[in-house]
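As provided, entry-v8.txt (compact mmCIF, C-alpha atoms) reads as follows.
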# COMPACT_ATOMS: atom_id res chain seq x y z
CA MET A 1 0.00 0.00 0.00
CA ASP A 2 1.27 3.46 -0.84
CA ASN A 3 -0.59 5.17 2.02
CA ALA A 4 0.64 3.01 4.91
CA GLY A 5 3.74 1.44 6.44
CA LYS A 6 6.75 2.78 8.30
CA LYS A 7 8.43 4.24 5.21
CA PHE A 8 5.26 6.14 4.24
CA PHE A 9 4.83 7.71 7.67
CA LEU A 10 8.51 8.52 8.20
CA ASN A 11 8.52 10.24 4.83
CA ARG A 12 5.49 12.32 5.88
CA TYR A 13 7.22 13.36 9.12
CA LYS A 14 10.27 14.32 7.06
CA GLN A 15 8.06 16.57 4.93
CA LEU A 16 6.90 18.19 8.18
CA GLY A 17 10.53 18.84 9.05
CA GLU A 18 11.23 15.97 11.44
CA GLU A 19 13.74 13.14 11.19
CA ILE A 20 12.40 10.58 13.67
CA GLN A 21 14.99 9.17 16.07
CA ASP A 22 14.74 6.54 18.78
CA SER A 23 12.98 7.81 21.86
CA GLN A 24 12.11 6.50 25.27
CA ILE A 25 8.89 7.58 26.94
CA LYS A 26 9.37 8.26 30.63
CA SER A 27 6.59 6.83 32.77
CA ALA A 28 4.95 9.31 35.12
CA ILE A 29 2.44 9.76 37.91
CA ARG A 30 0.19 12.63 38.95
CA ILE A 31 -0.54 13.21 42.63
CA ASN A 32 -4.28 13.26 43.34
CA THR A 33 -4.76 16.34 45.50
CA LEU A 34 -8.32 15.28 46.30
CA LYS A 35 -6.81 12.67 48.59
CA THR A 36 -3.28 13.64 49.52
CA THR A 37 -0.45 16.14 49.04
CA ALA A 38 3.07 15.91 47.66
CA SER A 39 4.54 16.42 51.13
CA GLU A 40 2.53 13.47 52.49
CA LEU A 41 2.91 11.08 49.57
CA LEU A 42 6.47 11.57 48.31
CA PRO A 43 8.28 10.45 51.51
CA ARG A 44 5.96 7.46 51.69
CA LEU A 45 6.76 6.38 48.12
CA GLU A 46 10.46 7.03 48.73
CA LYS A 47 10.38 4.59 51.66
CA LEU A 48 9.11 1.96 49.24
CA GLY A 49 12.19 2.53 47.05
CA ILE A 50 10.35 4.55 44.37
CA LYS A 51 12.47 7.35 42.92
CA LEU A 52 10.60 10.28 41.37
CA GLU A 53 11.55 13.52 39.65
CA LYS A 54 9.26 16.54 39.30
CA ILE A 55 7.97 17.19 35.79
CA PRO A 56 8.91 20.84 35.33
CA TYR A 57 5.91 21.77 33.18
CA THR A 58 3.01 20.27 35.21
CA THR A 59 1.85 21.15 38.73
CA GLN A 60 1.38 17.68 40.21
CA GLY A 61 3.31 15.39 37.84
CA TYR A 62 6.44 13.32 38.57
CA PHE A 63 8.58 11.18 36.28
CA VAL A 64 9.23 7.70 37.67
CA LYS A 65 13.01 7.26 37.77
CA LYS A 66 13.09 3.90 39.53
CA THR A 67 10.66 1.36 40.92
CA ASN A 68 11.02 -2.33 41.69
CA PHE A 69 7.36 -3.19 41.29
CA SER A 70 4.18 -2.26 39.41
CA LEU A 71 3.01 1.16 40.53
CA GLY A 72 -0.55 0.15 39.70
CA ALA A 73 -0.76 -2.55 42.36
CA ILE A 74 0.28 -0.91 45.64
CA THR A 75 -1.96 0.42 48.41
CA GLU A 76 -1.18 4.08 47.68
CA HIS A 77 -2.43 3.67 44.09
CA LEU A 78 -5.45 1.59 45.04
CA LEU A 79 -6.49 4.24 47.56
CA GLY A 80 -6.33 6.86 44.81
CA TYR A 81 -3.36 8.89 46.08
CA TYR A 82 -1.91 9.09 42.57
CA TYR A 83 -2.81 8.36 38.97
CA LEU A 84 -0.47 6.72 36.45
CA GLN A 85 -0.51 9.37 33.74
CA GLU A 86 2.07 10.04 31.07
CA ALA A 87 3.57 13.55 31.18
CA ALA A 88 2.12 14.94 27.92
CA ALA A 89 -1.32 13.61 28.86
CA GLN A 90 -1.25 15.83 31.96
CA ILE A 91 -0.98 19.00 29.87
CA PRO A 92 -4.47 19.55 28.35
CA VAL A 93 -6.24 19.88 31.71
CA GLU A 94 -3.54 22.24 33.01
CA ILE A 95 -4.08 24.40 29.93
CA LEU A 96 -7.87 24.34 30.33
CA ASN A 97 -7.32 25.40 33.95
CA PRO A 98 -10.89 24.87 35.24
CA GLU A 99 -12.16 26.90 38.21
CA PRO A 100 -14.17 25.41 41.10
CA THR A 101 -17.19 27.39 39.94
CA ASP A 102 -17.09 26.13 36.33
CA THR A 103 -19.37 23.74 34.48
CA VAL A 104 -17.05 21.63 32.33
CA LEU A 105 -17.79 19.23 29.49
CA ASP A 106 -15.37 16.31 29.19
CA CYS A 107 -16.03 14.87 25.74
CA CYS A 108 -14.30 11.46 25.53
CA ALA A 109 -13.56 10.61 29.12
CA ALA A 110 -12.27 7.01 29.52
CA PRO A 111 -10.16 5.82 31.19
CA GLY A 112 -10.50 8.91 33.37
CA GLY A 113 -7.00 10.33 33.79
CA LYS A 114 -8.02 13.76 32.60
CA THR A 115 -11.44 13.63 34.29
CA THR A 116 -9.87 12.93 37.69
CA GLN A 117 -7.36 15.70 37.00
CA LEU A 118 -10.20 18.13 36.20
CA ALA A 119 -11.95 17.18 39.45
CA ALA A 120 -8.73 17.67 41.42
CA LEU A 121 -8.12 21.14 39.96
CA MET A 122 -11.74 22.04 40.72
CA ASN A 123 -11.39 20.62 44.24
CA ASN A 124 -14.48 18.46 43.61
CA GLN A 125 -16.59 21.60 43.22
CA GLY A 126 -18.43 22.99 40.20
CA LYS A 127 -19.73 20.42 37.74
CA ILE A 128 -18.12 18.03 35.25
CA ILE A 129 -20.26 16.28 32.65
CA SER A 130 -18.37 13.40 31.03
CA TYR A 131 -19.20 11.34 27.95
CA GLU A 132 -17.74 8.02 26.89
CA LEU A 133 -19.10 6.21 23.86
CA LYS A 134 -17.35 2.84 24.16
CA PRO A 135 -19.16 0.67 26.74
CA HIS A 136 -16.10 -1.52 27.40
CA ARG A 137 -14.16 1.56 28.53
CA ILE A 138 -16.84 2.72 30.98
CA THR A 139 -15.76 0.21 33.67
CA SER A 140 -12.23 1.66 33.83
CA LEU A 141 -13.61 5.19 33.91
CA ILE A 142 -15.97 4.47 36.79
CA MET A 143 -13.28 2.58 38.74
CA ASN A 144 -10.86 5.48 38.40
CA LEU A 145 -13.40 8.12 39.39
CA GLU A 146 -14.34 6.06 42.43
CA ARG A 147 -10.74 5.31 43.38
CA CYS A 148 -9.73 8.98 43.12
CA GLY A 149 -12.72 10.14 45.17
CA VAL A 150 -14.33 12.21 42.42
CA THR A 151 -17.74 13.52 43.51
CA ASN A 152 -18.50 16.46 41.17
CA THR A 153 -18.86 14.39 37.98
CA THR A 154 -21.78 12.90 36.06
CA VAL A 155 -20.91 10.30 33.41
CA PHE A 156 -23.02 9.36 30.40
CA SER A 157 -22.39 6.26 28.34
CA ALA A 158 -23.01 7.97 25.01
CA ASP A 159 -21.51 9.97 22.17
CA ALA A 160 -20.34 13.44 23.23
CA THR A 161 -22.58 14.89 20.52
CA ASP A 162 -25.47 13.97 22.90
CA ALA A 163 -24.36 16.85 25.15
CA LYS A 164 -26.72 19.12 23.21
CA LYS A 165 -29.69 17.29 24.75
CA LEU A 166 -28.75 18.52 28.24
CA GLY A 167 -29.45 22.15 27.33
CA ILE A 168 -26.34 23.34 29.18
CA GLN A 169 -23.90 26.00 27.97
CA PHE A 170 -20.48 25.06 29.30
CA ASP A 171 -17.81 27.40 30.68
CA LYS A 172 -15.02 25.12 29.53
CA ILE A 173 -14.67 21.99 27.41
CA LEU A 174 -12.02 19.32 27.25
CA LEU A 175 -11.96 17.46 23.96
CA ASP A 176 -9.31 14.79 24.21
CA ALA A 177 -10.34 13.31 20.91
CA PRO A 178 -10.35 9.63 19.96
CA CYS A 179 -7.41 9.35 17.55
CA SER A 180 -5.11 7.01 15.68
CA GLY A 181 -2.45 7.15 18.41
CA ASN A 182 1.28 7.27 17.71
CA TYR A 183 4.26 5.01 17.15
CA ALA A 184 5.87 5.80 20.52
CA LEU A 185 2.85 4.56 22.39
CA GLU A 186 1.96 1.42 20.48
CA LYS A 187 4.09 -1.45 19.24
CA ASP A 188 3.70 -2.07 15.50
CA TRP A 189 1.82 1.23 15.10
CA PHE A 190 3.31 1.77 11.62
CA GLU A 191 2.04 -1.61 10.45
CA LYS A 192 -1.47 -1.12 11.85
CA ARG A 193 -2.33 2.35 10.53
CA ASP A 194 -2.99 3.85 7.12
CA LEU A 195 -4.04 7.24 5.79
CA ASN A 196 -7.67 6.17 5.26
CA GLY A 197 -8.03 5.33 8.96
CA ILE A 198 -6.46 8.65 9.91
CA LYS A 199 -8.87 10.55 7.67
CA GLN A 200 -11.76 8.63 9.21
CA SER A 201 -10.56 9.68 12.70
CA SER A 202 -10.34 13.24 11.48
CA ARG A 203 -13.99 13.21 10.34
CA ILE A 204 -15.14 11.95 13.77
CA GLN A 205 -13.00 14.57 15.53
CA ARG A 206 -14.52 17.40 13.47
CA LYS A 207 -18.03 16.17 14.26
CA ILE A 208 -17.35 16.21 18.01
CA LEU A 209 -15.56 19.56 17.73
CA ARG A 210 -18.55 21.16 15.99
CA THR A 211 -20.97 19.94 18.69
CA ALA A 212 -18.61 20.99 21.46
CA ILE A 213 -18.32 24.55 20.14
CA ASP A 214 -22.15 24.67 19.86
CA VAL A 215 -22.53 24.03 23.60
CA LEU A 216 -19.65 26.29 24.69
CA LYS A 217 -20.46 29.72 26.15
CA PRO A 218 -19.21 32.77 24.23
CA ASN A 219 -15.66 33.55 25.43
CA GLY A 220 -15.51 30.04 26.86
CA SER A 221 -12.42 27.96 26.08
CA LEU A 222 -12.07 24.50 24.63
CA VAL A 223 -8.85 22.50 24.79
CA TYR A 224 -8.49 20.08 21.90
CA SER A 225 -5.87 17.33 22.18
CA THR A 226 -4.86 14.09 20.52
CA CYS A 227 -2.05 11.63 21.02
CA SER A 228 -1.57 11.58 17.24
CA LEU A 229 1.28 13.08 15.21
CA GLU A 230 -0.75 13.15 12.01
CA PRO A 231 -1.63 16.67 10.75
CA GLU A 232 -5.07 15.53 9.54
CA GLU A 233 -6.03 14.97 13.20
CA ASN A 234 -4.26 18.09 14.47
CA GLU A 235 -3.30 21.25 12.56
CA LEU A 236 -5.67 20.52 9.65
CA ASN A 237 -8.58 20.05 12.07
CA ILE A 238 -7.74 23.35 13.74
CA GLN A 239 -7.61 25.05 10.32
CA TRP A 240 -11.03 23.53 9.60
CA ALA A 241 -12.31 24.93 12.93
CA LEU A 242 -10.97 28.40 12.07
CA ASP A 243 -12.70 28.22 8.68
CA ASN A 244 -16.02 26.83 9.88
CA LEU A 245 -16.59 27.64 13.56
CA PRO A 246 -16.71 30.89 15.57
CA VAL A 247 -13.32 30.46 17.25
CA HIS A 248 -9.82 31.83 17.52
CA ILE A 249 -6.74 30.03 18.77
CA GLU A 250 -4.97 31.21 21.92
CA LYS A 251 -1.26 30.81 22.55
CA ILE A 252 -0.17 27.98 24.84
CA ASN A 253 2.69 29.09 27.03
CA LEU A 254 4.67 25.98 27.84
CA PRO A 255 8.44 25.50 28.02
CA VAL A 256 8.12 22.19 26.17
CA GLY A 257 6.94 21.10 22.72
CA ASP A 258 7.13 22.74 19.28
CA GLU A 259 4.66 25.24 17.91
CA GLY A 260 1.94 24.00 15.54
CA ILE A 261 3.04 23.55 11.93
CA THR A 262 1.61 26.05 9.43
CA ASN A 263 3.01 24.54 6.27
CA ILE A 264 1.50 21.07 5.83
CA PHE A 265 2.44 19.20 2.65
CA GLU A 266 2.69 22.52 0.78
CA GLN A 267 -0.62 23.79 2.17
CA LYS A 268 -0.22 27.13 4.00
CA LEU A 269 -2.33 27.32 7.19
CA ASN A 270 -3.50 30.21 9.36
CA ASP A 271 -0.69 31.70 11.48
CA GLN A 272 -2.81 31.26 14.64
CA ILE A 273 -1.98 27.55 14.40
CA LYS A 274 1.53 28.40 15.60
CA ASN A 275 -0.18 28.97 18.99
CA CYS A 276 -0.79 25.21 19.30
CA LYS A 277 1.76 22.74 20.72
CA ARG A 278 3.11 19.59 19.10
CA PHE A 279 5.16 16.98 20.98
CA TRP A 280 7.60 14.87 18.98
CA PRO A 281 8.61 11.88 21.16
CA HIS A 282 12.31 12.09 20.28
CA LYS A 283 12.41 15.74 21.37
CA THR A 284 10.26 15.62 24.53
CA ASN A 285 10.64 12.01 25.79
CA THR A 286 6.86 11.90 25.95
CA GLN A 287 4.34 10.20 23.72
CA GLY A 288 3.44 11.98 20.48
CA PHE A 289 0.91 14.66 21.33
CA PHE A 290 -0.88 17.74 20.06
CA VAL A 291 -2.82 20.37 21.99
CA ALA A 292 -4.71 23.52 21.01
CA ARG A 293 -6.74 26.08 22.97
CA LEU A 294 -9.78 27.42 21.11
CA VAL A 295 -11.84 30.34 22.38
CA LYS A 296 -15.40 30.86 21.17
CA ILE A 297 -16.02 34.29 19.66
CA MET B 1 -28.76 -3.58 50.26
CA ILE B 2 -26.20 -0.91 51.12
CA LYS B 3 -27.70 -0.48 54.63
CA LYS B 4 -26.84 -4.11 55.31
CA LEU B 5 -23.22 -3.31 54.55
CA TYR B 6 -23.09 -0.64 57.26
CA ALA B 7 -25.03 -2.84 59.69
CA GLN B 8 -22.31 -5.54 59.54
CA PHE B 9 -20.02 -3.06 61.26
CA GLY B 10 -22.63 -1.82 63.74
CA LEU B 11 -23.03 1.42 61.78
CA THR B 12 -25.94 3.39 60.33
CA LYS B 13 -25.90 6.34 57.96
CA GLN B 14 -28.73 8.61 56.83
CA GLN B 15 -28.36 9.56 53.17
CA HIS B 16 -30.45 9.84 50.03
CA ILE B 17 -29.17 7.12 47.70
CA HIS B 18 -29.68 6.61 43.96
CA LYS B 19 -29.00 3.32 42.25
CA LEU B 20 -27.48 3.61 38.78
CA GLY B 21 -26.93 0.24 37.12
CA ARG B 22 -25.26 -1.86 39.82
CA SER B 23 -23.78 1.08 41.73
CA TYR B 24 -25.06 3.36 44.49
CA PHE B 25 -24.57 7.14 44.60
CA THR B 26 -25.55 10.23 46.50
CA HIS B 27 -26.25 13.03 44.05
CA SER B 28 -28.11 16.32 44.36
CA ASN B 29 -28.76 17.18 40.70
CA GLU B 30 -32.10 15.52 39.91
CA GLN B 31 -32.18 17.24 36.52
CA LEU B 32 -29.11 15.32 35.29
CA LEU B 33 -30.40 12.03 36.71
CA LYS B 34 -33.30 12.23 34.25
CA HIS B 35 -30.81 11.70 31.43
CA ARG B 36 -29.78 8.30 32.86
CA PRO B 37 -26.10 8.68 33.72
CA VAL B 38 -23.90 5.72 34.70
CA TYR B 39 -22.03 7.63 37.42
CA ALA B 40 -23.32 10.66 39.31
CA GLY B 41 -21.85 12.38 42.32
CA ARG B 42 -20.47 10.47 45.28
CA CYS B 43 -20.13 6.73 44.78
CA ILE B 44 -21.19 4.78 47.86
CA GLY B 45 -20.77 1.21 46.69
CA HIS B 46 -21.62 -1.50 44.23
CA GLU B 47 -23.88 -4.50 44.13
CA ARG B 48 -22.14 -7.82 43.63
CA LYS B 49 -23.31 -11.44 43.50
CA GLU B 50 -21.83 -11.95 46.97
CA GLY B 51 -23.54 -8.83 48.32
CA PRO B 52 -22.84 -5.09 48.39
CA ILE B 53 -19.29 -3.75 48.49
CA PRO B 54 -18.30 -0.22 49.52
CA SER B 55 -16.55 2.40 47.40
CA ILE B 56 -13.00 3.27 48.46
CA ASN B 57 -14.19 6.49 50.15
CA GLU B 58 -16.99 4.69 51.96
CA LEU B 59 -14.57 2.00 53.09
CA GLN B 60 -12.48 4.69 54.79
CA TRP B 61 -15.57 5.98 56.59
CA ILE B 62 -16.34 2.46 57.80
CA GLY B 63 -12.74 1.90 58.93
CA LYS B 64 -12.75 5.15 60.88
CA ASN B 65 -16.12 4.70 62.57
CA THR B 66 -16.46 1.01 63.38
CA LYS B 67 -15.27 -0.44 66.67
CA GLU B 68 -14.65 -3.78 65.01
CA LYS B 69 -11.25 -3.29 63.43
CA ILE B 70 -7.79 -4.79 63.37
CA THR B 71 -4.42 -3.39 62.31
CA ILE B 72 -1.98 -5.51 60.33
CA ASP B 73 1.73 -5.33 59.42
CA GLU B 74 3.20 -4.57 55.98
CA LYS B 75 3.59 -8.19 54.95
CA GLY B 76 -0.02 -8.91 55.83
CA GLU B 77 -1.11 -5.77 53.96
CA TRP B 78 0.58 -6.88 50.74
CA LEU B 79 -0.95 -10.37 50.91
CA PHE B 80 -4.37 -9.00 51.83
CA ILE B 81 -4.60 -6.56 48.89
CA CYS B 82 -3.63 -9.47 46.64
CA GLY B 83 -6.80 -11.22 47.81
CA ARG B 84 -5.37 -13.53 50.49
CA ASP B 85 -6.68 -14.38 53.97
CA LEU B 86 -4.76 -13.14 57.02
CA PHE B 87 -2.57 -15.11 59.40
CA GLY B 88 -2.77 -14.25 63.09
CA LYS B 89 0.90 -13.30 63.21
CA THR B 90 0.37 -10.37 60.80
CA ILE B 91 -2.14 -8.74 63.18
CA VAL B 92 -0.47 -6.06 65.30
CA LYS B 93 -3.57 -4.64 67.02
CA HIS B 94 -7.08 -5.95 67.72
CA ASN B 95 -9.95 -5.73 70.20
CA LYS B 96 -10.08 -9.45 71.06
CA GLN B 97 -12.88 -9.95 68.54
CA GLU B 98 -14.79 -13.19 68.72
CA LYS B 99 -15.23 -15.72 65.92
CA ASN B 100 -17.59 -14.71 63.07
CA THR B 101 -17.18 -10.99 63.78
CA ILE B 102 -16.76 -8.90 60.62
CA VAL B 103 -13.73 -6.65 61.09
CA ALA B 104 -12.35 -3.72 59.12
CA VAL B 105 -8.70 -4.32 58.21
CA LEU B 106 -6.38 -1.32 58.65
CA ASN B 107 -2.73 -0.88 57.64
CA LYS B 108 -0.07 0.85 59.73
CA HIS B 109 -1.22 4.24 58.40
CA GLN B 110 -4.73 3.47 59.75
CA GLU B 111 -6.13 3.31 56.20
CA CYS B 112 -8.87 0.77 55.71
CA ILE B 113 -7.79 -1.70 53.03
CA GLY B 114 -10.77 -4.06 53.26
CA TYR B 115 -12.59 -6.32 55.68
CA GLY B 116 -12.95 -9.95 56.64
CA LYS B 117 -14.46 -12.41 59.08
CA VAL B 118 -12.71 -13.69 62.19
CA ILE B 119 -12.44 -17.46 61.76
CA GLY B 120 -9.54 -18.40 63.99
CA ASN B 121 -7.35 -17.47 66.92
CA LEU B 122 -5.95 -13.96 66.45
CA TYR B 123 -2.66 -14.87 68.18
CA THR B 124 -1.55 -17.94 66.25
CA ASN B 125 0.32 -18.60 63.03
CA LYS B 126 -2.82 -19.85 61.29
CA ILE B 127 -5.49 -18.20 59.19
CA ALA B 128 -7.34 -15.86 61.53
CA ILE B 129 -9.24 -13.56 59.16
CA GLN B 130 -11.03 -14.77 56.08
CA ARG B 131 -10.94 -12.01 53.46
CA ILE B 132 -14.34 -10.74 52.30
CA PHE B 133 -13.30 -7.60 50.42
CA ASP B 134 -10.03 -5.76 49.81
CA ILE B 135 -9.05 -2.67 47.78
CA GLY B 136 -7.16 -4.83 45.26
CA ASP B 137 -10.57 -6.10 44.18
CA LEU B 138 -10.95 -2.86 42.22
CA LEU B 139 -7.89 -3.66 40.13
CA ARG B 140 -8.86 -7.30 39.65
CA ARG B 141 -12.37 -6.28 38.50
CA GLU B 142 -10.91 -3.81 36.00
CA ARG B 143 -8.52 -6.41 34.58
CA LYS B 144 -11.37 -8.91 34.30
CA SER B 145 -13.52 -6.37 32.42
CA LYS B 146 -10.71 -5.78 29.90
CA ARG B 147 -10.37 -9.48 29.06

Could you spell out this file's structure in structure tokens?
Amino acid sequence: MDNAGKKFFLNRYKQLGEEIQDSQIKSAIRINTLKTTASELLPRLEKLGIKLEKIPYTTQGYFVKKTNFSLGAITEHLLGYYYLQEAAAQIPVEILNPEPTDTVLDCCAAPGGKTTQLAALMNNQGKIISYELKPHRITSLIMNLERCGVTNTTVFSADATDAKKLGIQFDKILLDAPCSGNYALEKDWFEKRDLNGIKQSSRIQRKILRTAIDVLKPNGSLVYSTCSLEPEENELNIQWALDNLPVHIEKINLPVGDEGITNIFEQKLNDQIKNCKRFWPHKTNTQGFFVARLVKI
Amino acid sequence: MIKKLYAQFGLTKQQHIHKLGRSYFTHSNEQLLKHRPVYAGRCIGHERKEGPIPSINELQWIGKNTKEKITIDEKGEWLFICGRDLFGKTIVKHNKQEKNTIVAVLNKHQECIGYGKVIGNLYTNKIAIQRIFDIGDLLRRERKSKR
């Protein structure tokens, strides 16, 4: 196939200006401030022989430098004192920065890393409405909300486009879109994906994005993120949003990641797209990631 | 169902509970409940074939308020959250509970990590507490649901 395979994708990345090199994703945790604090938890984990290092660009995140056992199976995790969450995945909620008085829509919620992070930043106040379409992912979502002591959230097992039925205008929206993923996160990713699948993901993402902007208050902000490196799911979707929806793109001030690409396969995009952030695994030691902050006009 | 859970520990609690699917919640937004959510507000517990089990938060409330509790050492804690029964030698503190008493099991930080039934002598190197529920159950349920 001429629209799939490792060579095809590496060539695309080269056209975007990146020569992919080997990279190692650092595993990470996020302290759940609904249940504990860094000063309580860190000495306790240290006593167990777990070595951590603060992630400089998140408020509660730590890289795991050393551990002799699974961090998902110990008491501290089971009691919800921390969440196993990769560093880049901690960024969208920090950028959305919800307030305790906000009503927030969380579009594609499972397995709940970002939902529990929203609840923690809101100190379990305000209101979070979460949607998850895939029934088999609901169990993990519910378990994680329960484990982390989340009490300000209502979850619907449905498509996020159903949010219109609630008749609510949201202050903020998190759209961590279902996507094709990336090679750093999934073994054999290059063999499993092709351009048709990526374009299909892009269509779904635009549909959710359109609904989300419909239910967002004027001047409200929406953070759009994917763990994809493919422009069709990222910069080209943001260009589509600028062309078709009442939004502008706000700058993301982060000391990590590249700015969004505005020249995609010889197509010149709106300069506002530079305000987005793109994470190449070999540059950031995180998974591949993209994040944009849209504000409704 | 959930009242029975509290009663096992000699506890009662007044609260307005909603059942969503097989889980119990307290939730104040009646408007959202009309749209049939699967999770809403504070999770109290879940219904299982064997009977109701508490949420992690509710388990802590039980552990704090019941008189029927024991404290175990680190080795016992690890085995218990892996779903094992408890040997008497892992128990570091108890209230001389009699056989068949349901006891909350606490670790050295006084966090409730589950509960079980007293089935043997609390001082000997034999099984003393038969596990009924532990916090590792959450992880095992999640893994099972992914299979």

* Could you pull the residues within 12 Å of Lys66 of chain A, counting only C-alpha atoms, minus those fewer than 4 positions along the same chain, as a VMD selection string? -> chain A and resid 26 to 28 45 to 46 48 to 53 62 70 to 71

Could you list the residues in chain B lying within 6 Å of chain A, using only C-alpha atoms, and format the result as an mmCIF file with C-alpha atoms, keeping the file's coordinate frame?
data_model
loop_
_atom_site.group_PDB
_atom_site.id
_atom_site.type_symbol
_atom_site.label_atom_id
_atom_site.label_comp_id
_atom_site.auth_asym_id
_atom_site.auth_seq_id
_atom_site.Cartn_x
_atom_site.Cartn_y
_atom_site.Cartn_z
ATOM 1 C CA PRO B 37 -26.100 8.680 33.720
ATOM 2 C CA VAL B 38 -23.900 5.720 34.700
ATOM 3 C CA TYR B 39 -22.030 7.630 37.420
ATOM 4 C CA ALA B 40 -23.320 10.660 39.310
ATOM 5 C CA GLY B 41 -21.850 12.380 42.320
ATOM 6 C CA ARG B 42 -20.470 10.470 45.280
ATOM 7 C CA ILE B 56 -13.000 3.270 48.460
#

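Between atom CA of Ile249 of chain A and atom CA of Asp271 of chain A the interatomic distance comes to 9.6 Å.
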
* Please write as number ranges by chain the list of polymer residues whose atoms come within 9 Å of (-13.6, -9.8, 49.4), counting only C-alpha atoms and keeping to the coordinates of the file. => B: 50, 53, 83, 114-116, 130-135, 137

* Asked: Residues at most 6 Å from segment 12-25 of chain B, counting all atoms listed in the file, excluding those fewer than 6 positions away in the same chain, as number ranges by chain?
  -> B: 6, 38, 42-47

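Atom CA of Lys207 of chain A is found 21.6 Å from atom CA of Thr103 of chain A.
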
* Could you check which of A:Pro231, A:Pro218, A:Gly257, A:Pro281 is closest to Val295 of chain A, using all atoms listed in the file? =>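 Of A:Pro231, A:Pro218, A:Gly257, A:Pro281, the one nearest Val295 of chain A is A:Pro218, counting all atoms listed in the file.
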
* Tell me, as number ranges by chain, which residues lie within 9 Å of segment 118-124 of chain B, counting only C-alpha atoms; anything in the same chain fewer than 4 positions away does not count. => B: 87-89, 91, 94, 96-103, 128-130

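Each of A:Asp162, A:Asp188, A:Glu233, A:Asp194 was compared to His35 of chain B using only C-alpha atoms, and A:Asp162 turns out to be the nearest.
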
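Interatomic distance, atom CA of Gln239 of chain A against atom CA of Ile204 of chain A: 15.5 Å.
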
* Counting all atoms listed in the file, which residues come within 8 Å of (-5.0, 20.3, 24.3), with the point read in the file's coordinates, and could you list them as a list in words? ->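 I get Ile91, Pro92, Val93, Ile95, Leu96, Leu174, Leu175, Asp176, Val223, Tyr224, Ser225, Thr226, Phe290, Val291, Ala292 and Arg293 of chain A for the residues within 8 Å of that point.
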
* To do: Do a neighbour search on Asn275 of chain A at 7 Å with only C-alpha atoms, toss out local chain neighbours closer than 4 positions, and write the hits as a PyMOL selection string.
  => chain A and resi 249-252+259-260

Filtering to C-alpha atoms, could you give me those residues as a PDB file, keeping the file's coordinate frame?
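What ended up in part.pdb:
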ATOM      1  CA  ILE A 249      -6.740  30.030  18.770  1.00  0.00           C
ATOM      2  CA  GLU A 250      -4.970  31.210  21.920  1.00  0.00           C
ATOM      3  CA  LYS A 251      -1.260  30.810  22.550  1.00  0.00           C
ATOM      4  CA  ILE A 252      -0.170  27.980  24.840  1.00  0.00           C
ATOM      5  CA  GLU A 259       4.660  25.240  17.910  1.00  0.00           C
ATOM      6  CA  GLY A 260       1.940  24.000  15.540  1.00  0.00           C
TER       7      GLY A 260
END

* Hey, which of A:Cys179, A:Ile168, A:Phe69, A:Leu185 ends up closest to Gln205 of chain A? Count all atoms listed in the file. ->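 The answer is A:Cys179, which sits nearest to Gln205 of chain A.
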
* Contacts of Gly61 of chain A at 8 Å (all atoms listed in the file; same-chain gap of 2+ positions) as a PyMOL selection string -> chain A and resi 28-31+54-55+58-59+63+87+90

Written selection (C-alpha atoms) as a short mmCIF file (atom, residue, chain, number, x, y, z; two decimals), in the coordinates of the input:
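The result, written out as result06.cif:
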data_model
loop_
_atom_site.label_atom_id
_atom_site.label_comp_id
_atom_site.auth_asym_id
_atom_site.auth_seq_id
_atom_site.Cartn_x
_atom_site.Cartn_y
_atom_site.Cartn_z
CA ALA A 28 4.95 9.31 35.12
CA ILE A 29 2.44 9.76 37.91
CA ARG A 30 0.19 12.63 38.95
CA ILE A 31 -0.54 13.21 42.63
CA LYS A 54 9.26 16.54 39.30
CA ILE A 55 7.97 17.19 35.79
CA THR A 58 3.01 20.27 35.21
CA THR A 59 1.85 21.15 38.73
CA PHE A 63 8.58 11.18 36.28
CA ALA A 87 3.57 13.55 31.18
CA GLN A 90 -1.25 15.83 31.96
#
